[in-house]
Amino acid sequence: MHVFRAYLSTTTMQRSLLMTLAVAILTTGSYAVSSVVMPPIRAEGEEVGVIFIPGAEIKGEAYGATARAIQEASTLRLWVALTGNFTAQVPNPLQMKGAVEGAIQALRAAGMKSTRYMGVGHSIGGIFLAPYAKSSPLQAVVLLGSYLTRPAKLREYPLPVLTLSGELDGQTRITRVAVEYEQLLEEVKVDKTALYRTPVINIKGSCHAQFASGPMPGEVRKFDLKPAITDYEAHAFIGQYVSSFADVTFNPEADKVEEAQRHLEYYFQESGTRFLPLLGVKALDKQGSVSPWAQICQAKVAGNLVTKTTINNEILSLLPFLASKPSIQNLGGGAVVNTTALVAYPENPIDVATQMESPVEIGVKMKSREAIRKSLGVTLPGFPQATEVLKLDAEANITCKDLNQIAFQLALDNSTQEAQERYAQYGRPITFKDDIVYGTGIQWSSTGLIIEESDAGLLVQGVALVTPVSSFLFPGMHYCKVMSPYRAMEWINVDSLRAQKTVNQVEVFLNCLELIHRELSRHLLFKLLKTYTPHFLNCLERINRTF
């Protein structure tokens with residue numbers, strides 16, 4: 001019955017995944033999840049059980065060193081159960097209840113008396129542990145290189161939850177966990193205790209593999225980044241952070257709780273030295289209904305004339321944006337320019353953290369410098385009234401390529417010193433090509449910003465449309481498809497640091513789910529089991545690799 005309830009509580013997309021796993025279990029055989037128990041290292045203290053759920057294709061025993069670091073750092077008497085042997089070696093909702101209940105039975109059989117339990121999930125283990133834990137024997141959750149998937153919110157989660165990320169985690173990228181940190185920033189403004197109940201912490205210099213030990217699956221090796229600290233150092237940090245969270249959550253001694261709260265406050269502030277630069281650049285893409293980056297683009301196009309220009313912007317959805325036109329008017333001797341923007345984000349309906357968080361492109365409809373000059377009352381050089389404005393208007397015309405280069409420099413300048421040094425040392429470069437220039441709005445609208453990754457680096461090419469002020473229909477337009485500064489920042493901080501291009505696993509995943517949904521919608525279960533089993537197992541393998 002718990003499988004049926006799990007099925008009913010999910011979204012349509014998640015149901016497709018559950019059915020995929022169900023098919024795999026039916027056709028390959030279901031295995032009982034096992035548990036390896038690590039007894040406490042302390043003779044006294046508040047007794048708490050810690051149940052580990054591994055990442056995809058990672059054995060439970062690989063978390064032994066991590067668990068021991070937590071035991072050593074904690075003043076609590078911690079029992080540990082390392083679960084493993086999930087079907088296809090990937091934790092999943094269908095087996096989560098049995099895994100946790102089996103771990104509890106193993107802990108009690110080994111001598112644990114308390115009924116206080118904390119779940120620790122790594123990667124996809126955390127993805128599936130979090131929704132299960134809401135109605136379970138667990139009283140707290142720790143997400144290692146994992147997060148609450150959208151649309152879940154930290155403040156709405158019914159249990160204390162620690163989100164712990166690595167600065168150089170190439171699988172659960174820091175920009176994804178920065179979204180959680182941003183939520184916490186807002187929550188702390190109204191309730192400081194959120195720092196203790198839903199802390200979001202980043203481990204400086206650590207990667208995805210360092211939440212465990214030993215050889216990693218191929219997909220982790222492909223996506224993950226080179227760490228700047230040793231495994232021992234990473235495990236020691238994990239021990240400190242999880243220990244403080246566990247003390248705040250479970251320790252009955254008030255002085256220990258207060259000390260742990262001070263530690264969490266420090267970890268929050270220290271993590272901000274890496275999260276806040278990212279969030280600052282992220283905010284340039286979109287703030288409410290305005291794109292500050294679009295305003296910056298118009299300011300750059302205006303050049304020194306910007307000192308006599310007020311720039312407004314409105315972010316629109318696709319159809320209104322296609323129909324929109326920028327406008328300009330002269331008010332009190334200054335130009336007021338009204339621009340529009342389309343901020344296009346990548347599709348990621350299942351919230352996979354290997355996918356970029358930044359926009360695919362930002363389309364900006366601006367007025368040309370020539371149009372601004374005309375609005376300010378200047379027509380031809382040599383006229384007396386043109387003198388002041390022409391002194392300001394000495395710069396060369398700005399292209400979309402120039403704006404893309406500005407986006408990159410803005411991202412680089414706002415990255416941490418360590419990130420800048422890493423990028424200079426072994427980051428793959430960005431090459432900016434001259435713009436694709438079109439003469440009609442239809443051509444410009446139907447062509448996206450070119451961003452092509454290869455083993456050599458990233459190629460970026462803007463798309464432009466510029467019309468003269470003498471144009472009858474659309475005079476003085478300057479349209480650009482440009483790179484988001486945050487996309488450049490993700491490249492500098494994450495993707496460029498891989499030695500070679502990685503495959504977009506989200507697209508693979510969605511293609512698999514499309515096949516599954518199509519067949520299930522036809523109610524051809526028997527045909528599915530007999531004929532499509534190889535296709536489903538292949539999809540399941542690809543889904544495993546996604547995480």
# chains A, B, ... in the order shown; residues from 1 in each chain; ligands from 1
call {"tool": "select_by_dssp", "arguments": {"residues": "stretch 261-378 of chain A", "states": "strand (DSSP E or B)", "output": "ChimeraX atom specification"}}
result
/A:287,290,309-315,327-331,334-344,361-367
call {"tool": "residues_around", "arguments": {"residues": "A:Asn312", "least_positions_apart": "3", "cutoff": "10 Å", "atoms": "only C-alpha atoms", "output": "JSON list (two decimals) with C-alpha atoms, in the first residue's frame"}}
result
[["chain", "number", "residue", "atom", "x", "y", "z"],
["A", 290, "VAL", "CA", 12.72, 44.25, -14.56],
["A", 291, "SER", "CA", 15.99, 42.98, -16.01],
["A", 292, "PRO", "CA", 18.85, 45.15, -14.69],
["A", 294, "ALA", "CA", 18.82, 44.72, -20.05],
["A", 295, "GLN", "CA", 19.07, 48.23, -18.59],
["A", 298, "GLN", "CA", 20.79, 49.91, -23.13],
["A", 309, "THR", "CA", 19.02, 59.25, -20.50],
["A", 326, "PRO", "CA", 11.03, 49.94, -27.48],
["A", 327, "SER", "CA", 10.13, 53.62, -27.31],
["A", 336, "VAL", "CA", 13.42, 58.44, -21.56],
["A", 337, "VAL", "CA", 13.95, 55.03, -23.14],
["A", 338, "ASN", "CA", 11.50, 52.20, -22.51],
["A", 339, "THR", "CA", 12.98, 48.78, -23.26],
["A", 340, "THR", "CA", 11.63, 45.23, -23.09]]
call {"tool": "residues_around", "arguments": {"residues": "A:Glu46", "least_positions_apart": "2", "cutoff": "12 Å", "atoms": "only C-alpha atoms", "output": "PyMOL selection string"}}
result
chain A and resi 40+42-44+48-49+74-79+112-117+246-247+249-253+256
call {"tool": "closest_residue", "arguments": {"among": "A:Met38, A:Val220, A:Ala69, A:Ile451", "to": "A:Tyr241", "atoms": "only C-alpha atoms"}}
result
A:Ala69
call {"tool": "atom_distance", "arguments": {"atom1": "atom CA of A:Phe275", "atom2": "atom CA of A:Gln71"}}
result
28.1 Å
call {"tool": "decode", "arguments": {"residues": "stretch 92-234 of chain A", "atoms": "C-alpha atoms", "output": "PDB file, in the first residue's frame"}}
result
ATOM      1  CA  ASN A  92      14.065   5.271  -5.249  1.00  0.00           C
ATOM      2  CA  PRO A  93      10.692   6.127  -3.678  1.00  0.00           C
ATOM      3  CA  LEU A  94       9.393   2.569  -4.011  1.00  0.00           C
ATOM      4  CA  GLN A  95      12.076   1.206  -1.694  1.00  0.00           C
ATOM      5  CA  MET A  96      12.645   4.175   0.620  1.00  0.00           C
ATOM      6  CA  LYS A  97      10.158   3.118   3.300  1.00  0.00           C
ATOM      7  CA  GLY A  98      11.569  -0.409   3.434  1.00  0.00           C
ATOM      8  CA  ALA A  99      15.132   0.929   3.484  1.00  0.00           C
ATOM      9  CA  VAL A 100      14.538   3.216   6.478  1.00  0.00           C
ATOM     10  CA  GLU A 101      12.427   0.726   8.405  1.00  0.00           C
ATOM     11  CA  GLY A 102      14.989  -1.987   7.734  1.00  0.00           C
ATOM     12  CA  ALA A 103      17.761   0.293   8.976  1.00  0.00           C
ATOM     13  CA  ILE A 104      15.806   1.020  12.163  1.00  0.00           C
ATOM     14  CA  GLN A 105      15.308  -2.706  12.754  1.00  0.00           C
ATOM     15  CA  ALA A 106      19.046  -3.275  12.242  1.00  0.00           C
ATOM     16  CA  LEU A 107      19.932  -0.494  14.672  1.00  0.00           C
ATOM     17  CA  ARG A 108      17.573  -1.813  17.323  1.00  0.00           C
ATOM     18  CA  ALA A 109      18.847  -5.351  16.845  1.00  0.00           C
ATOM     19  CA  ALA A 110      22.380  -4.022  17.389  1.00  0.00           C
ATOM     20  CA  GLY A 111      21.374  -2.481  20.724  1.00  0.00           C
ATOM     21  CA  MET A 112      20.045   1.036  20.039  1.00  0.00           C
ATOM     22  CA  LYS A 113      17.306   1.977  22.532  1.00  0.00           C
ATOM     23  CA  SER A 114      16.272   5.483  21.427  1.00  0.00           C
ATOM     24  CA  THR A 115      13.584   6.201  18.864  1.00  0.00           C
ATOM     25  CA  ARG A 116      15.247   9.387  17.597  1.00  0.00           C
ATOM     26  CA  TYR A 117      16.437   9.139  14.007  1.00  0.00           C
ATOM     27  CA  MET A 118      18.032  11.429  11.432  1.00  0.00           C
ATOM     28  CA  GLY A 119      18.151  10.619   7.709  1.00  0.00           C
ATOM     29  CA  VAL A 120      21.206  11.533   5.644  1.00  0.00           C
ATOM     30  CA  GLY A 121      20.818  11.399   1.863  1.00  0.00           C
ATOM     31  CA  HIS A 122      23.509  11.958  -0.744  1.00  0.00           C
ATOM     32  CA  SER A 123      22.697  13.156  -4.270  1.00  0.00           C
ATOM     33  CA  ILE A 124      19.622  11.306  -5.599  1.00  0.00           C
ATOM     34  CA  GLY A 125      19.422   9.561  -2.207  1.00  0.00           C
ATOM     35  CA  GLY A 126      18.628  12.953  -0.696  1.00  0.00           C
ATOM     36  CA  ILE A 127      16.250  13.851  -3.518  1.00  0.00           C
ATOM     37  CA  PHE A 128      14.033  10.872  -2.673  1.00  0.00           C
ATOM     38  CA  LEU A 129      14.680  10.820   1.073  1.00  0.00           C
ATOM     39  CA  ALA A 130      13.299  14.337   1.626  1.00  0.00           C
ATOM     40  CA  PRO A 131       9.697  13.750   0.467  1.00  0.00           C
ATOM     41  CA  TYR A 132       9.540  10.359   2.191  1.00  0.00           C
ATOM     42  CA  ALA A 133      10.860  11.736   5.499  1.00  0.00           C
ATOM     43  CA  LYS A 134       7.929  14.129   5.929  1.00  0.00           C
ATOM     44  CA  SER A 135       5.751  11.228   7.112  1.00  0.00           C
ATOM     45  CA  SER A 136       8.228   8.790   8.584  1.00  0.00           C
ATOM     46  CA  PRO A 137      10.020   7.847  11.834  1.00  0.00           C
ATOM     47  CA  LEU A 138      12.750  10.379  10.962  1.00  0.00           C
ATOM     48  CA  GLN A 139      12.868  13.609  12.962  1.00  0.00           C
ATOM     49  CA  ALA A 140      15.497  15.446  10.876  1.00  0.00           C
ATOM     50  CA  VAL A 141      17.098  15.282   7.444  1.00  0.00           C
ATOM     51  CA  VAL A 142      20.578  16.059   6.129  1.00  0.00           C
ATOM     52  CA  LEU A 143      21.011  16.556   2.377  1.00  0.00           C
ATOM     53  CA  LEU A 144      24.579  15.992   1.170  1.00  0.00           C
ATOM     54  CA  GLY A 145      25.134  17.394  -2.312  1.00  0.00           C
ATOM     55  CA  SER A 146      21.350  17.403  -2.597  1.00  0.00           C
ATOM     56  CA  TYR A 147      18.381  19.733  -2.039  1.00  0.00           C
ATOM     57  CA  LEU A 148      14.610  20.003  -1.741  1.00  0.00           C
ATOM     58  CA  THR A 149      13.392  19.816  -5.317  1.00  0.00           C
ATOM     59  CA  ARG A 150      11.125  22.536  -6.672  1.00  0.00           C
ATOM     60  CA  PRO A 151       8.511  23.651  -5.821  1.00  0.00           C
ATOM     61  CA  ALA A 152       9.315  22.673  -2.218  1.00  0.00           C
ATOM     62  CA  LYS A 153      10.341  25.541   0.077  1.00  0.00           C
ATOM     63  CA  LEU A 154      12.624  25.336   3.089  1.00  0.00           C
ATOM     64  CA  ARG A 155      10.193  27.239   5.318  1.00  0.00           C
ATOM     65  CA  GLU A 156       7.379  24.826   4.446  1.00  0.00           C
ATOM     66  CA  TYR A 157       9.333  21.629   5.090  1.00  0.00           C
ATOM     67  CA  PRO A 158       7.934  19.997   8.254  1.00  0.00           C
ATOM     68  CA  LEU A 159      11.259  18.710   9.622  1.00  0.00           C
ATOM     69  CA  PRO A 160      14.582  20.326  10.457  1.00  0.00           C
ATOM     70  CA  VAL A 161      16.717  19.975   7.322  1.00  0.00           C
ATOM     71  CA  LEU A 162      20.380  20.753   6.698  1.00  0.00           C
ATOM     72  CA  THR A 163      21.368  21.415   3.072  1.00  0.00           C
ATOM     73  CA  LEU A 164      25.110  20.845   2.724  1.00  0.00           C
ATOM     74  CA  SER A 165      26.845  21.556  -0.578  1.00  0.00           C
ATOM     75  CA  GLY A 166      30.345  21.598  -2.014  1.00  0.00           C
ATOM     76  CA  GLU A 167      31.865  24.652  -3.670  1.00  0.00           C
ATOM     77  CA  LEU A 168      33.280  22.462  -6.451  1.00  0.00           C
ATOM     78  CA  ASP A 169      30.409  20.008  -6.716  1.00  0.00           C
ATOM     79  CA  GLY A 170      30.031  19.484 -10.447  1.00  0.00           C
ATOM     80  CA  GLN A 171      26.922  17.347 -10.090  1.00  0.00           C
ATOM     81  CA  THR A 172      24.868  19.366  -7.606  1.00  0.00           C
ATOM     82  CA  ARG A 173      26.203  22.700  -8.770  1.00  0.00           C
ATOM     83  CA  ILE A 174      26.707  25.500  -6.265  1.00  0.00           C
ATOM     84  CA  THR A 175      24.346  27.733  -8.252  1.00  0.00           C
ATOM     85  CA  ARG A 176      21.476  25.307  -7.576  1.00  0.00           C
ATOM     86  CA  VAL A 177      22.117  25.310  -3.839  1.00  0.00           C
ATOM     87  CA  ALA A 178      22.499  29.107  -3.969  1.00  0.00           C
ATOM     88  CA  VAL A 179      18.744  29.141  -4.638  1.00  0.00           C
ATOM     89  CA  GLU A 180      18.231  27.457  -1.256  1.00  0.00           C
ATOM     90  CA  TYR A 181      20.594  29.919   0.416  1.00  0.00           C
ATOM     91  CA  GLU A 182      18.633  32.785  -1.132  1.00  0.00           C
ATOM     92  CA  GLN A 183      15.447  31.366   0.399  1.00  0.00           C
ATOM     93  CA  LEU A 184      17.151  31.179   3.783  1.00  0.00           C
ATOM     94  CA  LEU A 185      18.350  34.778   3.513  1.00  0.00           C
ATOM     95  CA  GLU A 186      14.768  35.941   3.106  1.00  0.00           C
ATOM     96  CA  GLU A 187      13.481  33.701   5.882  1.00  0.00           C
ATOM     97  CA  VAL A 188      16.122  34.870   8.374  1.00  0.00           C
ATOM     98  CA  LYS A 189      14.878  38.441   7.955  1.00  0.00           C
ATOM     99  CA  VAL A 190      11.642  37.465   9.688  1.00  0.00           C
ATOM    100  CA  ASP A 191      12.752  34.472  11.780  1.00  0.00           C
ATOM    101  CA  LYS A 192      16.371  34.053  12.874  1.00  0.00           C
ATOM    102  CA  THR A 193      15.696  30.517  14.088  1.00  0.00           C
ATOM    103  CA  ALA A 194      15.532  29.444  10.437  1.00  0.00           C
ATOM    104  CA  LEU A 195      19.353  29.457  10.608  1.00  0.00           C
ATOM    105  CA  TYR A 196      19.129  26.538  13.031  1.00  0.00           C
ATOM    106  CA  ARG A 197      16.130  24.713  11.594  1.00  0.00           C
ATOM    107  CA  THR A 198      16.930  24.861   7.853  1.00  0.00           C
ATOM    108  CA  PRO A 199      20.628  25.792   7.550  1.00  0.00           C
ATOM    109  CA  VAL A 200      22.235  25.942   4.105  1.00  0.00           C
ATOM    110  CA  ILE A 201      26.010  25.514   4.254  1.00  0.00           C
ATOM    111  CA  ASN A 202      28.721  25.352   1.604  1.00  0.00           C
ATOM    112  CA  ILE A 203      32.013  23.515   2.058  1.00  0.00           C
ATOM    113  CA  LYS A 204      34.856  25.551   0.597  1.00  0.00           C
ATOM    114  CA  GLY A 205      36.893  23.610  -1.950  1.00  0.00           C
ATOM    115  CA  SER A 206      34.970  20.298  -1.785  1.00  0.00           C
ATOM    116  CA  CYS A 207      33.339  18.297  -4.569  1.00  0.00           C
ATOM    117  CA  HIS A 208      30.440  15.852  -4.999  1.00  0.00           C
ATOM    118  CA  ALA A 209      32.512  12.681  -4.553  1.00  0.00           C
ATOM    119  CA  GLN A 210      33.868  13.835  -1.196  1.00  0.00           C
ATOM    120  CA  PHE A 211      30.555  13.258   0.547  1.00  0.00           C
ATOM    121  CA  ALA A 212      31.552   9.596   0.203  1.00  0.00           C
ATOM    122  CA  SER A 213      34.852   7.753  -0.299  1.00  0.00           C
ATOM    123  CA  GLY A 214      36.482   5.474  -2.818  1.00  0.00           C
ATOM    124  CA  PRO A 215      35.837   4.929  -6.537  1.00  0.00           C
ATOM    125  CA  MET A 216      32.897   6.872  -7.955  1.00  0.00           C
ATOM    126  CA  PRO A 217      30.463   5.934 -10.771  1.00  0.00           C
ATOM    127  CA  GLY A 218      31.292   7.098 -14.270  1.00  0.00           C
ATOM    128  CA  GLU A 219      28.738   9.901 -14.290  1.00  0.00           C
ATOM    129  CA  VAL A 220      30.097  11.392 -11.070  1.00  0.00           C
ATOM    130  CA  ARG A 221      33.609  11.289 -12.497  1.00  0.00           C
ATOM    131  CA  LYS A 222      32.383  12.940 -15.704  1.00  0.00           C
ATOM    132  CA  PHE A 223      30.505  15.815 -14.079  1.00  0.00           C
ATOM    133  CA  ASP A 224      32.402  16.380 -10.846  1.00  0.00           C
ATOM    134  CA  LEU A 225      35.121  19.012 -10.428  1.00  0.00           C
ATOM    135  CA  LYS A 226      38.635  18.801  -9.069  1.00  0.00           C
ATOM    136  CA  PRO A 227      38.513  19.465  -5.309  1.00  0.00           C
ATOM    137  CA  ALA A 228      40.777  21.971  -3.599  1.00  0.00           C
ATOM    138  CA  ILE A 229      40.830  20.057  -0.287  1.00  0.00           C
ATOM    139  CA  THR A 230      41.565  16.451   0.658  1.00  0.00           C
ATOM    140  CA  ASP A 231      38.920  13.817   1.379  1.00  0.00           C
ATOM    141  CA  TYR A 232      39.977  13.849   5.018  1.00  0.00           C
ATOM    142  CA  GLU A 233      39.479  17.617   5.237  1.00  0.00           C
ATOM    143  CA  ALA A 234      36.102  17.390   3.497  1.00  0.00           C
TER     144      ALA A 234
END
